[in-house]
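Peer 1: Below you'll find final-v8.cif; it's mmCIF, N, CA and C atoms.
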```cif
data_my_file
#
loop_
_atom_site.label_atom_id
_atom_site.label_comp_id
_atom_site.auth_asym_id
_atom_site.auth_seq_id
_atom_site.Cartn_x
_atom_site.Cartn_y
_atom_site.Cartn_z
N MET A 1 -4.97 47.12 -53.06
CA MET A 1 -3.88 46.21 -52.76
C MET A 1 -4.35 45.05 -51.90
N THR A 2 -5.07 45.31 -50.82
CA THR A 2 -5.34 44.28 -49.85
C THR A 2 -6.82 43.92 -49.81
N ALA A 3 -7.09 42.62 -49.74
CA ALA A 3 -8.47 42.16 -49.65
C ALA A 3 -8.99 42.30 -48.23
N TRP A 4 -8.09 42.23 -47.23
CA TRP A 4 -8.55 42.25 -45.85
C TRP A 4 -7.47 42.82 -44.94
N ILE A 5 -7.88 43.63 -43.99
CA ILE A 5 -7.00 44.14 -42.95
C ILE A 5 -7.53 43.60 -41.63
N CYS A 6 -6.70 42.90 -40.90
CA CYS A 6 -7.12 42.33 -39.61
C CYS A 6 -7.50 43.47 -38.67
N PRO A 7 -8.71 43.45 -38.12
CA PRO A 7 -9.12 44.53 -37.22
C PRO A 7 -8.36 44.53 -35.89
N SER A 8 -7.75 43.40 -35.52
CA SER A 8 -7.03 43.33 -34.25
C SER A 8 -5.60 43.85 -34.35
N CYS A 9 -4.88 43.44 -35.41
CA CYS A 9 -3.47 43.82 -35.50
C CYS A 9 -3.18 44.83 -36.61
N GLY A 10 -4.13 45.05 -37.52
CA GLY A 10 -3.94 46.03 -38.57
C GLY A 10 -3.07 45.58 -39.73
N ARG A 11 -2.69 44.28 -39.76
CA ARG A 11 -1.86 43.78 -40.86
C ARG A 11 -2.71 43.49 -42.09
N HIS A 12 -2.08 43.54 -43.27
CA HIS A 12 -2.75 43.37 -44.55
C HIS A 12 -2.62 41.93 -45.04
N PHE A 13 -3.72 41.38 -45.58
CA PHE A 13 -3.72 40.01 -46.09
C PHE A 13 -4.51 39.92 -47.38
N GLY A 14 -4.20 38.90 -48.17
CA GLY A 14 -4.86 38.69 -49.45
C GLY A 14 -6.21 38.01 -49.33
N ARG A 15 -6.46 37.34 -48.22
CA ARG A 15 -7.73 36.62 -48.04
C ARG A 15 -8.41 37.08 -46.75
N THR A 16 -9.71 37.19 -46.79
CA THR A 16 -10.49 37.57 -45.63
C THR A 16 -10.31 36.56 -44.51
N ARG A 17 -10.08 37.06 -43.29
CA ARG A 17 -9.88 36.25 -42.09
C ARG A 17 -8.76 35.21 -42.27
N GLN A 18 -7.72 35.60 -42.98
CA GLN A 18 -6.58 34.71 -43.17
C GLN A 18 -5.94 34.37 -41.83
N SER A 19 -5.59 33.11 -41.65
CA SER A 19 -4.93 32.68 -40.43
C SER A 19 -3.55 33.35 -40.34
N HIS A 20 -3.22 33.85 -39.16
CA HIS A 20 -1.93 34.51 -38.97
C HIS A 20 -1.66 34.66 -37.48
N GLU A 21 -0.40 34.94 -37.17
CA GLU A 21 -0.05 35.30 -35.80
C GLU A 21 -0.45 36.76 -35.64
N CYS A 22 -1.44 37.01 -34.81
CA CYS A 22 -2.04 38.34 -34.70
C CYS A 22 -1.15 39.24 -33.84
N ALA A 23 -0.19 39.85 -34.49
CA ALA A 23 0.71 40.79 -33.82
C ALA A 23 0.89 41.97 -34.77
N PRO A 24 0.81 43.18 -34.27
CA PRO A 24 0.92 44.33 -35.17
C PRO A 24 2.29 44.42 -35.82
N ALA A 25 2.28 44.93 -37.05
CA ALA A 25 3.54 45.17 -37.74
C ALA A 25 4.26 46.31 -37.02
N MET A 26 5.57 46.32 -37.18
CA MET A 26 6.40 47.38 -36.59
C MET A 26 6.62 48.45 -37.66
N THR A 27 7.14 49.59 -37.25
CA THR A 27 7.62 50.54 -38.24
C THR A 27 9.00 50.05 -38.69
N LEU A 28 9.46 50.54 -39.83
CA LEU A 28 10.80 50.16 -40.29
C LEU A 28 11.86 50.61 -39.28
N GLU A 29 11.68 51.78 -38.70
CA GLU A 29 12.65 52.27 -37.72
C GLU A 29 12.70 51.36 -36.50
N GLU A 30 11.54 50.93 -36.02
CA GLU A 30 11.51 49.99 -34.89
C GLU A 30 12.21 48.69 -35.26
N TYR A 31 11.90 48.19 -36.44
CA TYR A 31 12.49 46.93 -36.88
C TYR A 31 14.02 47.03 -36.97
N PHE A 32 14.52 48.05 -37.64
CA PHE A 32 15.97 48.17 -37.85
C PHE A 32 16.73 48.56 -36.60
N SER A 33 16.06 49.04 -35.57
CA SER A 33 16.75 49.49 -34.36
C SER A 33 17.40 48.35 -33.58
N SER A 34 16.96 47.12 -33.80
CA SER A 34 17.49 46.02 -32.98
C SER A 34 18.20 44.93 -33.77
N GLY A 35 18.24 45.03 -35.08
CA GLY A 35 18.83 43.96 -35.88
C GLY A 35 20.26 44.25 -36.29
N PRO A 36 20.85 43.30 -37.02
CA PRO A 36 22.22 43.50 -37.52
C PRO A 36 22.28 44.65 -38.53
N GLU A 37 23.42 45.33 -38.57
CA GLU A 37 23.59 46.49 -39.44
C GLU A 37 23.43 46.15 -40.92
N ARG A 38 23.70 44.92 -41.31
CA ARG A 38 23.63 44.55 -42.73
C ARG A 38 22.20 44.56 -43.27
N GLU A 39 21.19 44.51 -42.36
CA GLU A 39 19.81 44.38 -42.80
C GLU A 39 19.32 45.56 -43.63
N ARG A 40 19.53 46.77 -43.14
CA ARG A 40 18.99 47.93 -43.84
C ARG A 40 19.55 48.09 -45.25
N PRO A 41 20.87 48.01 -45.47
CA PRO A 41 21.37 48.17 -46.84
C PRO A 41 20.83 47.10 -47.80
N ILE A 42 20.63 45.89 -47.31
CA ILE A 42 20.07 44.82 -48.16
C ILE A 42 18.61 45.15 -48.47
N PHE A 43 17.85 45.52 -47.45
CA PHE A 43 16.45 45.91 -47.66
C PHE A 43 16.36 47.05 -48.66
N GLU A 44 17.19 48.08 -48.48
CA GLU A 44 17.14 49.24 -49.38
C GLU A 44 17.47 48.84 -50.82
N ALA A 45 18.42 47.93 -51.01
CA ALA A 45 18.75 47.46 -52.35
C ALA A 45 17.58 46.70 -52.98
N VAL A 46 16.93 45.86 -52.18
CA VAL A 46 15.75 45.14 -52.67
C VAL A 46 14.66 46.14 -53.07
N MET A 47 14.42 47.12 -52.22
CA MET A 47 13.36 48.09 -52.50
C MET A 47 13.69 49.00 -53.69
N ARG A 48 14.98 49.34 -53.88
CA ARG A 48 15.35 50.14 -55.06
C ARG A 48 14.94 49.40 -56.32
N HIS A 49 15.17 48.09 -56.33
CA HIS A 49 14.75 47.31 -57.50
C HIS A 49 13.23 47.24 -57.60
N LEU A 50 12.57 46.89 -56.51
CA LEU A 50 11.11 46.71 -56.56
C LEU A 50 10.37 48.01 -56.86
N ASP A 51 10.96 49.15 -56.52
CA ASP A 51 10.34 50.44 -56.86
C ASP A 51 10.21 50.60 -58.37
N THR A 52 11.02 49.89 -59.14
CA THR A 52 10.93 49.96 -60.61
C THR A 52 9.88 48.99 -61.15
N VAL A 53 9.35 48.14 -60.28
CA VAL A 53 8.42 47.08 -60.70
C VAL A 53 6.97 47.48 -60.43
N GLY A 54 6.69 47.97 -59.24
CA GLY A 54 5.33 48.32 -58.88
C GLY A 54 5.21 48.58 -57.39
N PRO A 55 3.99 48.90 -56.93
CA PRO A 55 3.80 49.19 -55.51
C PRO A 55 3.98 47.94 -54.65
N VAL A 56 4.65 48.12 -53.53
CA VAL A 56 4.91 47.02 -52.59
C VAL A 56 4.48 47.46 -51.21
N HIS A 57 3.72 46.60 -50.54
CA HIS A 57 3.38 46.84 -49.14
C HIS A 57 4.48 46.18 -48.31
N VAL A 58 5.15 46.95 -47.48
CA VAL A 58 6.25 46.47 -46.64
C VAL A 58 5.71 46.27 -45.23
N GLU A 59 5.88 45.05 -44.71
CA GLU A 59 5.35 44.74 -43.39
C GLU A 59 6.45 44.16 -42.50
N PRO A 60 7.11 45.02 -41.70
CA PRO A 60 8.12 44.53 -40.76
C PRO A 60 7.44 43.91 -39.54
N VAL A 61 7.80 42.68 -39.23
CA VAL A 61 7.31 41.99 -38.03
C VAL A 61 8.53 41.45 -37.30
N SER A 62 8.34 40.86 -36.15
CA SER A 62 9.48 40.46 -35.32
C SER A 62 10.43 39.48 -36.02
N VAL A 63 9.94 38.65 -36.93
CA VAL A 63 10.78 37.63 -37.56
C VAL A 63 11.44 38.09 -38.86
N GLY A 64 11.02 39.22 -39.40
CA GLY A 64 11.59 39.69 -40.65
C GLY A 64 10.69 40.69 -41.33
N ILE A 65 10.92 40.90 -42.61
CA ILE A 65 10.14 41.86 -43.39
C ILE A 65 9.41 41.11 -44.49
N PHE A 66 8.08 41.23 -44.48
CA PHE A 66 7.26 40.59 -45.50
C PHE A 66 7.00 41.63 -46.59
N LEU A 67 7.18 41.22 -47.84
CA LEU A 67 6.93 42.08 -48.99
C LEU A 67 5.70 41.55 -49.70
N LYS A 68 4.70 42.43 -49.86
CA LYS A 68 3.41 41.99 -50.38
C LYS A 68 2.96 42.84 -51.55
N ARG A 69 2.26 42.20 -52.44
CA ARG A 69 1.48 42.88 -53.47
C ARG A 69 0.06 42.79 -52.93
N ASP A 70 -0.80 41.93 -53.44
CA ASP A 70 -2.04 41.61 -52.74
C ASP A 70 -1.75 40.55 -51.69
N ARG A 71 -0.84 39.68 -52.01
CA ARG A 71 -0.37 38.64 -51.08
C ARG A 71 1.14 38.71 -51.03
N GLY A 72 1.70 37.99 -50.08
CA GLY A 72 3.16 37.99 -49.95
C GLY A 72 3.83 37.37 -51.17
N PHE A 73 4.91 37.97 -51.62
CA PHE A 73 5.67 37.41 -52.73
C PHE A 73 7.15 37.24 -52.38
N ALA A 74 7.60 37.85 -51.30
CA ALA A 74 9.00 37.70 -50.88
C ALA A 74 9.11 38.06 -49.40
N GLU A 75 10.19 37.56 -48.78
CA GLU A 75 10.47 37.84 -47.37
C GLU A 75 11.96 38.04 -47.20
N LEU A 76 12.31 38.89 -46.26
CA LEU A 76 13.69 39.05 -45.80
C LEU A 76 13.71 38.68 -44.32
N ARG A 77 14.54 37.71 -43.97
CA ARG A 77 14.65 37.29 -42.57
C ARG A 77 16.11 37.23 -42.16
N PRO A 78 16.44 37.82 -41.02
CA PRO A 78 17.84 37.79 -40.58
C PRO A 78 18.24 36.40 -40.10
N MET A 79 19.42 36.00 -40.51
CA MET A 79 20.02 34.76 -40.05
C MET A 79 21.31 35.13 -39.31
N GLN A 80 22.05 34.14 -38.88
CA GLN A 80 23.27 34.41 -38.11
C GLN A 80 24.27 35.28 -38.87
N ARG A 81 24.54 34.94 -40.14
CA ARG A 81 25.59 35.65 -40.89
C ARG A 81 25.11 36.22 -42.22
N TRP A 82 23.81 36.13 -42.50
CA TRP A 82 23.28 36.59 -43.78
C TRP A 82 21.79 36.85 -43.64
N GLU A 83 21.21 37.39 -44.70
CA GLU A 83 19.76 37.60 -44.76
C GLU A 83 19.17 36.53 -45.68
N ALA A 84 18.09 35.93 -45.25
CA ALA A 84 17.38 34.95 -46.09
C ALA A 84 16.36 35.72 -46.92
N LEU A 85 16.58 35.74 -48.23
CA LEU A 85 15.63 36.35 -49.16
C LEU A 85 14.86 35.20 -49.78
N SER A 86 13.59 35.07 -49.42
CA SER A 86 12.81 33.96 -49.95
C SER A 86 11.76 34.48 -50.91
N PHE A 87 11.49 33.67 -51.92
CA PHE A 87 10.49 34.01 -52.93
C PHE A 87 10.02 32.71 -53.57
N SER A 88 8.86 32.77 -54.18
CA SER A 88 8.25 31.59 -54.78
C SER A 88 8.06 31.83 -56.27
N LEU A 89 8.38 30.81 -57.07
CA LEU A 89 8.23 30.87 -58.52
C LEU A 89 7.54 29.61 -59.03
N PRO A 90 6.97 29.66 -60.22
CA PRO A 90 6.34 28.45 -60.77
C PRO A 90 7.36 27.46 -61.35
N ARG A 91 8.63 27.74 -61.17
CA ARG A 91 9.70 26.87 -61.67
C ARG A 91 10.87 26.93 -60.71
N ARG A 92 11.75 25.95 -60.83
CA ARG A 92 12.95 25.89 -60.00
C ARG A 92 14.07 26.68 -60.70
N VAL A 93 14.81 27.48 -59.91
CA VAL A 93 15.96 28.21 -60.45
C VAL A 93 17.19 27.88 -59.61
N GLN A 94 18.35 28.15 -60.17
CA GLN A 94 19.61 27.91 -59.46
C GLN A 94 20.46 29.17 -59.47
N HIS A 95 21.18 29.36 -58.38
CA HIS A 95 22.05 30.53 -58.24
C HIS A 95 23.05 30.20 -57.13
N LYS A 96 24.21 30.82 -57.17
CA LYS A 96 25.23 30.55 -56.15
C LYS A 96 24.76 30.87 -54.74
N THR A 97 23.79 31.80 -54.58
CA THR A 97 23.31 32.16 -53.25
C THR A 97 22.18 31.25 -52.76
N ILE A 98 21.62 30.44 -53.65
CA ILE A 98 20.53 29.53 -53.26
C ILE A 98 21.18 28.20 -52.91
N THR A 99 21.43 28.02 -51.61
CA THR A 99 22.17 26.83 -51.17
C THR A 99 21.27 25.83 -50.43
N ARG A 100 20.11 26.28 -49.98
CA ARG A 100 19.17 25.36 -49.34
C ARG A 100 18.40 24.60 -50.42
N LYS A 101 17.88 23.47 -50.02
CA LYS A 101 17.05 22.68 -50.94
C LYS A 101 15.84 23.51 -51.36
N VAL A 102 15.58 23.57 -52.66
CA VAL A 102 14.40 24.26 -53.18
C VAL A 102 13.21 23.34 -52.96
N LEU A 103 12.18 23.85 -52.30
CA LEU A 103 11.02 23.04 -51.95
C LEU A 103 9.86 23.32 -52.88
N GLU A 104 9.20 22.23 -53.32
CA GLU A 104 8.00 22.37 -54.14
C GLU A 104 6.78 22.33 -53.23
N TYR A 105 5.82 23.22 -53.51
CA TYR A 105 4.59 23.27 -52.74
C TYR A 105 3.47 23.69 -53.67
N HIS A 106 2.55 22.79 -53.94
CA HIS A 106 1.39 23.06 -54.81
C HIS A 106 1.81 23.61 -56.16
N GLY A 107 2.82 22.99 -56.77
CA GLY A 107 3.25 23.39 -58.10
C GLY A 107 4.10 24.65 -58.15
N ARG A 108 4.49 25.16 -57.00
CA ARG A 108 5.38 26.33 -56.94
C ARG A 108 6.65 25.93 -56.21
N TYR A 109 7.72 26.64 -56.47
CA TYR A 109 9.01 26.32 -55.88
C TYR A 109 9.46 27.46 -54.97
N HIS A 110 9.71 27.10 -53.72
CA HIS A 110 10.12 28.08 -52.70
C HIS A 110 11.65 28.12 -52.66
N HIS A 111 12.21 29.28 -52.95
CA HIS A 111 13.66 29.49 -52.99
C HIS A 111 14.09 30.38 -51.83
N VAL A 112 15.27 30.11 -51.30
CA VAL A 112 15.86 30.96 -50.26
C VAL A 112 17.29 31.28 -50.68
N ALA A 113 17.54 32.57 -50.90
CA ALA A 113 18.88 33.02 -51.27
C ALA A 113 19.57 33.58 -50.02
N GLN A 114 20.84 33.25 -49.86
CA GLN A 114 21.64 33.77 -48.75
C GLN A 114 22.28 35.08 -49.22
N ILE A 115 21.77 36.19 -48.71
CA ILE A 115 22.25 37.51 -49.13
C ILE A 115 23.10 38.10 -48.00
N ARG A 116 24.39 38.29 -48.28
CA ARG A 116 25.31 38.81 -47.27
C ARG A 116 25.48 40.32 -47.36
N GLY A 117 25.16 40.89 -48.51
CA GLY A 117 25.26 42.33 -48.70
C GLY A 117 24.53 42.73 -49.97
N PRO A 118 24.32 44.02 -50.18
CA PRO A 118 23.59 44.49 -51.37
C PRO A 118 24.20 44.00 -52.69
N GLU A 119 25.51 43.79 -52.69
CA GLU A 119 26.19 43.33 -53.92
C GLU A 119 25.73 41.94 -54.37
N ASP A 120 25.13 41.17 -53.46
CA ASP A 120 24.62 39.84 -53.83
C ASP A 120 23.33 39.91 -54.65
N LEU A 121 22.68 41.06 -54.67
CA LEU A 121 21.45 41.22 -55.44
C LEU A 121 21.80 41.54 -56.89
N ASP A 122 22.17 40.53 -57.63
CA ASP A 122 22.55 40.73 -59.03
C ASP A 122 21.31 40.74 -59.92
N ALA A 123 21.52 40.92 -61.22
CA ALA A 123 20.41 41.03 -62.17
C ALA A 123 19.54 39.78 -62.18
N GLU A 124 20.14 38.62 -61.98
CA GLU A 124 19.38 37.37 -61.99
C GLU A 124 18.40 37.32 -60.81
N ILE A 125 18.89 37.61 -59.61
CA ILE A 125 18.03 37.60 -58.44
C ILE A 125 16.96 38.68 -58.56
N CYS A 126 17.34 39.87 -59.01
CA CYS A 126 16.34 40.93 -59.19
C CYS A 126 15.29 40.52 -60.21
N GLY A 127 15.69 39.82 -61.25
CA GLY A 127 14.73 39.33 -62.23
C GLY A 127 13.75 38.35 -61.62
N TRP A 128 14.24 37.50 -60.73
CA TRP A 128 13.34 36.54 -60.07
C TRP A 128 12.41 37.24 -59.09
N LEU A 129 12.89 38.29 -58.42
CA LEU A 129 11.99 39.07 -57.56
C LEU A 129 10.89 39.73 -58.38
N THR A 130 11.25 40.25 -59.55
CA THR A 130 10.25 40.82 -60.45
C THR A 130 9.24 39.76 -60.86
N GLU A 131 9.73 38.59 -61.23
CA GLU A 131 8.84 37.49 -61.63
C GLU A 131 7.92 37.08 -60.49
N ALA A 132 8.46 36.97 -59.27
CA ALA A 132 7.64 36.60 -58.10
C ALA A 132 6.57 37.66 -57.87
N TYR A 133 6.94 38.93 -58.02
CA TYR A 133 5.98 40.03 -57.84
C TYR A 133 4.87 39.93 -58.89
N LEU A 134 5.26 39.82 -60.14
CA LEU A 134 4.27 39.81 -61.24
C LEU A 134 3.42 38.54 -61.21
N ASP A 135 3.98 37.46 -60.67
CA ASP A 135 3.26 36.18 -60.64
C ASP A 135 2.37 36.06 -59.40
N SER A 136 2.49 37.00 -58.46
CA SER A 136 1.67 36.90 -57.25
C SER A 136 0.23 37.29 -57.58
N PRO A 137 -0.73 36.65 -56.93
CA PRO A 137 -2.14 36.93 -57.23
C PRO A 137 -2.50 38.39 -56.94
N THR A 138 -3.37 38.95 -57.76
CA THR A 138 -3.86 40.32 -57.53
C THR A 138 -5.36 40.30 -57.33
#
```
Take the structure from the file and write it as structure tokens.
Peer 2:
Amino acid sequence: MTAWICPSCGRHFGRTRQSHECAPAMTLEEYFSSGPERERPIFEAVMRHLDTVGPVHVEPVSVGIFLKRDRGFAELRPMQRWEALSFSLPRRVQHKTITRKVLEYHGRYHHVAQIRGPEDLDAEICGWLTEAYLDSPT
């Protein structure tokens, strides 16, 4: 899965000596102990879908949960009233939960969906998570 594990913080990265904020990942229990209650059910819904796609390395850090294959393909970050589910695709997509401007970066499009509860993870969003997973470098 991982090309490199930082010897200082133990986090997994796709590139050797990848630049990062060197802070150890938390356990899921540590992460969920201090956040809003909506976080865990959304995370569990995302993981139920991704479990049907392939192995995922889950890395909870202070700012959110990074989801990785060899490299990161999606993130969940708590916001004031919703969870930001971000993912990158080689094309721009539209959905009622994607309300921020979609940003292009090196031919890829960074999307952020506002997820208020597990019910917001419809087939379209799950399909894009699958695509982001399969399209991530291995």
Peer 1: Hey, what's within 6.5 Å of range 59-64 of chain A if we count only N, CA and C atoms and toss same-chain stuff fewer than 2 positions away? As a PyMOL selection string, please?
Peer 2: chain A and resi 24-28+31+57+66-68+76-78
Peer 1: Report the distance between atom C of Ala74 in chain A and atom N of Ser33 in chain A in Å, rounded to one decimal place.
Peer 2: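 Between atom C of Ala74 in chain A and atom N of Ser33 in chain A the gap is 19.0 Å.
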Peer 1: What's around range 84-89 of chain A at 8 Å? Count all atoms listed in the file, leave out sequence neighbours fewer than 4 positions away in its own chain, and write the answer as an MDAnalysis selection string.
Peer 2: chainID A and resid 72:80 93 107:116 128:129 131:133 135:136
Peer 1: Would you work out the distance separating CA of Arg91 in chain A from CA of His12 in chain A, expressed in Å to one decimal?
Peer 2: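 Taking CA of Arg91 in chain A as the start and CA of His12 in chain A as the end point, the length is 26.8 Å.
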Peer 1: Rank nothing, just name the residue among A:Thr99, A:Cys6, A:Phe32, A:Val46 nearest to Pro118 in chain A, using only N, CA and C atoms.
Peer 2: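 Of A:Thr99, A:Cys6, A:Phe32, A:Val46, the one nearest Pro118 in chain A, counting only N, CA and C atoms, is A:Val46.
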Peer 1: Have a look at CA of Val56 in chain A and CA of Arg69 in chain A and let me know their distance in Å, one decimal.
Peer 2: 5.4 Å
Peer 1: For Asp70 in chain A, which residue out of A:Phe13, A:Pro7, A:Leu121, A:Arg38 is the nearest one, using only N, CA and C atoms?
Peer 2: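 For Asp70 in chain A, the nearest of the given residues is A:Phe13.
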Peer 1: Using all atoms of range 117-136 of chain A listed in the file and a margin of 8 Å per side, can you give the axis-aligned box centre and edge lengths in Å to one decimal, as AutoDock Vina command-line options?
Peer 2:
```
--center_x 13.2 --center_y 40.3 --center_z -55.4 --size_x 42.0 --size_y 24.4 --size_z 29.7
```
Peer 1: Which one of A:Leu134, A:Val58, A:Ile98, A:Cys126 sits closest to Arg11 in chain A if you count only C-alpha atoms?
Peer 2: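 Checking each candidate against Arg11 in chain A, we get A:Val58 as the closest.
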Peer 1: Apply DSSP to the structure's backbone, then extract all residues of range 27-127 of chain A labelled alpha helix (DSSP H) and return them as a PyMOL selection string.
Peer 2: chain A and resi 28-32+39-50+123-127
Peer 1: From the options A:Gly127, A:Gly35, A:Pro55, A:Pro137, which residue's atoms come nearest to Glu83 in chain A, counting only C-alpha atoms?
Peer 2: A:Gly35
Peer 1: Can you list, as a CSV table (one decimal) with N, CA and C atoms, in the coordinates of the input, all residues belonging to chain A that DSSP tags as strand (DSSP E or B)?
Peer 2:
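states_35.csv written:
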```csv
chain,number,residue,atom,x,y,z
A,4,TRP,N,-8.1,42.2,-47.2
A,4,TRP,CA,-8.6,42.2,-45.8
A,4,TRP,C,-7.5,42.8,-44.9
A,5,ILE,N,-7.9,43.6,-44.0
A,5,ILE,CA,-7.0,44.1,-43.0
A,5,ILE,C,-7.5,43.6,-41.6
A,12,HIS,N,-2.1,43.5,-43.3
A,12,HIS,CA,-2.8,43.4,-44.6
A,12,HIS,C,-2.6,41.9,-45.0
A,13,PHE,N,-3.7,41.4,-45.6
A,13,PHE,CA,-3.7,40.0,-46.1
A,13,PHE,C,-4.5,39.9,-47.4
A,57,HIS,N,3.7,46.6,-50.5
A,57,HIS,CA,3.4,46.8,-49.1
A,57,HIS,C,4.5,46.2,-48.3
A,58,VAL,N,5.2,47.0,-47.5
A,58,VAL,CA,6.2,46.5,-46.6
A,58,VAL,C,5.7,46.3,-45.2
A,59,GLU,N,5.9,45.0,-44.7
A,59,GLU,CA,5.4,44.7,-43.4
A,59,GLU,C,6.4,44.2,-42.5
A,60,PRO,N,7.1,45.0,-41.7
A,60,PRO,CA,8.1,44.5,-40.8
A,60,PRO,C,7.4,43.9,-39.5
A,61,VAL,N,7.8,42.7,-39.2
A,61,VAL,CA,7.3,42.0,-38.0
A,61,VAL,C,8.5,41.4,-37.3
A,64,GLY,N,11.0,39.2,-39.4
A,64,GLY,CA,11.6,39.7,-40.6
A,64,GLY,C,10.7,40.7,-41.3
A,65,ILE,N,10.9,40.9,-42.6
A,65,ILE,CA,10.1,41.9,-43.4
A,65,ILE,C,9.4,41.1,-44.5
A,66,PHE,N,8.1,41.2,-44.5
A,66,PHE,CA,7.3,40.6,-45.5
A,66,PHE,C,7.0,41.6,-46.6
A,67,LEU,N,7.2,41.2,-47.8
A,67,LEU,CA,6.9,42.1,-49.0
A,67,LEU,C,5.7,41.6,-49.7
A,68,LYS,N,4.7,42.4,-49.9
A,68,LYS,CA,3.4,42.0,-50.4
A,68,LYS,C,3.0,42.8,-51.6
A,72,GLY,N,1.7,38.0,-50.1
A,72,GLY,CA,3.2,38.0,-50.0
A,72,GLY,C,3.8,37.4,-51.2
A,73,PHE,N,4.9,38.0,-51.6
A,73,PHE,CA,5.7,37.4,-52.7
A,73,PHE,C,7.2,37.2,-52.4
A,74,ALA,N,7.6,37.8,-51.3
A,74,ALA,CA,9.0,37.7,-50.9
A,74,ALA,C,9.1,38.1,-49.4
A,75,GLU,N,10.2,37.6,-48.8
A,75,GLU,CA,10.5,37.8,-47.4
A,75,GLU,C,12.0,38.0,-47.2
A,76,LEU,N,12.3,38.9,-46.3
A,76,LEU,CA,13.7,39.0,-45.8
A,76,LEU,C,13.7,38.7,-44.3
A,77,ARG,N,14.5,37.7,-44.0
A,77,ARG,CA,14.6,37.3,-42.6
A,77,ARG,C,16.1,37.2,-42.2
A,78,PRO,N,16.4,37.8,-41.0
A,78,PRO,CA,17.8,37.8,-40.6
A,78,PRO,C,18.2,36.4,-40.1
A,83,GLU,N,21.2,37.4,-44.7
A,83,GLU,CA,19.8,37.6,-44.8
A,83,GLU,C,19.2,36.5,-45.7
A,84,ALA,N,18.1,35.9,-45.2
A,84,ALA,CA,17.4,35.0,-46.1
A,84,ALA,C,16.4,35.7,-46.9
A,85,LEU,N,16.6,35.7,-48.2
A,85,LEU,CA,15.6,36.4,-49.2
A,85,LEU,C,14.9,35.2,-49.8
A,86,SER,N,13.6,35.1,-49.4
A,86,SER,CA,12.8,34.0,-50.0
A,86,SER,C,11.8,34.5,-50.9
A,87,PHE,N,11.5,33.7,-51.9
A,87,PHE,CA,10.5,34.0,-52.9
A,87,PHE,C,10.0,32.7,-53.6
A,88,SER,N,8.9,32.8,-54.2
A,88,SER,CA,8.2,31.6,-54.8
A,88,SER,C,8.1,31.8,-56.3
A,89,LEU,N,8.4,30.8,-57.1
A,89,LEU,CA,8.2,30.9,-58.5
A,89,LEU,C,7.5,29.6,-59.0
A,103,LEU,N,12.2,23.8,-52.3
A,103,LEU,CA,11.0,23.0,-52.0
A,103,LEU,C,9.9,23.3,-52.9
A,104,GLU,N,9.2,22.2,-53.3
A,104,GLU,CA,8.0,22.4,-54.1
A,104,GLU,C,6.8,22.3,-53.2
A,105,TYR,N,5.8,23.2,-53.5
A,105,TYR,CA,4.6,23.3,-52.7
A,105,TYR,C,3.5,23.7,-53.7
A,108,ARG,N,4.5,25.2,-57.0
A,108,ARG,CA,5.4,26.3,-56.9
A,108,ARG,C,6.6,25.9,-56.2
A,109,TYR,N,7.7,26.6,-56.5
A,109,TYR,CA,9.0,26.3,-55.9
A,109,TYR,C,9.5,27.5,-55.0
A,110,HIS,N,9.7,27.1,-53.7
A,110,HIS,CA,10.1,28.1,-52.7
A,110,HIS,C,11.6,28.1,-52.7
A,111,HIS,N,12.2,29.3,-53.0
A,111,HIS,CA,13.7,29.5,-53.0
A,111,HIS,C,14.1,30.4,-51.8
A,112,VAL,N,15.3,30.1,-51.3
A,112,VAL,CA,15.9,31.0,-50.3
A,112,VAL,C,17.3,31.3,-50.7
A,113,ALA,N,17.5,32.6,-50.9
A,113,ALA,CA,18.9,33.0,-51.3
A,113,ALA,C,19.6,33.6,-50.0
A,114,GLN,N,20.8,33.2,-49.9
A,114,GLN,CA,21.6,33.8,-48.8
A,114,GLN,C,22.3,35.1,-49.2
A,115,ILE,N,21.8,36.2,-48.7
A,115,ILE,CA,22.2,37.5,-49.1
A,115,ILE,C,23.1,38.1,-48.0
```
Peer 1: Using all atoms listed in the file, find the one residue out of A:Lys101, A:Thr52, A:Ile125, A:Gly117 that sits nearest to Glu39 in chain A.
Peer 2: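 Looking at the shortest contact to Glu39 in chain A, the residue is A:Gly117.
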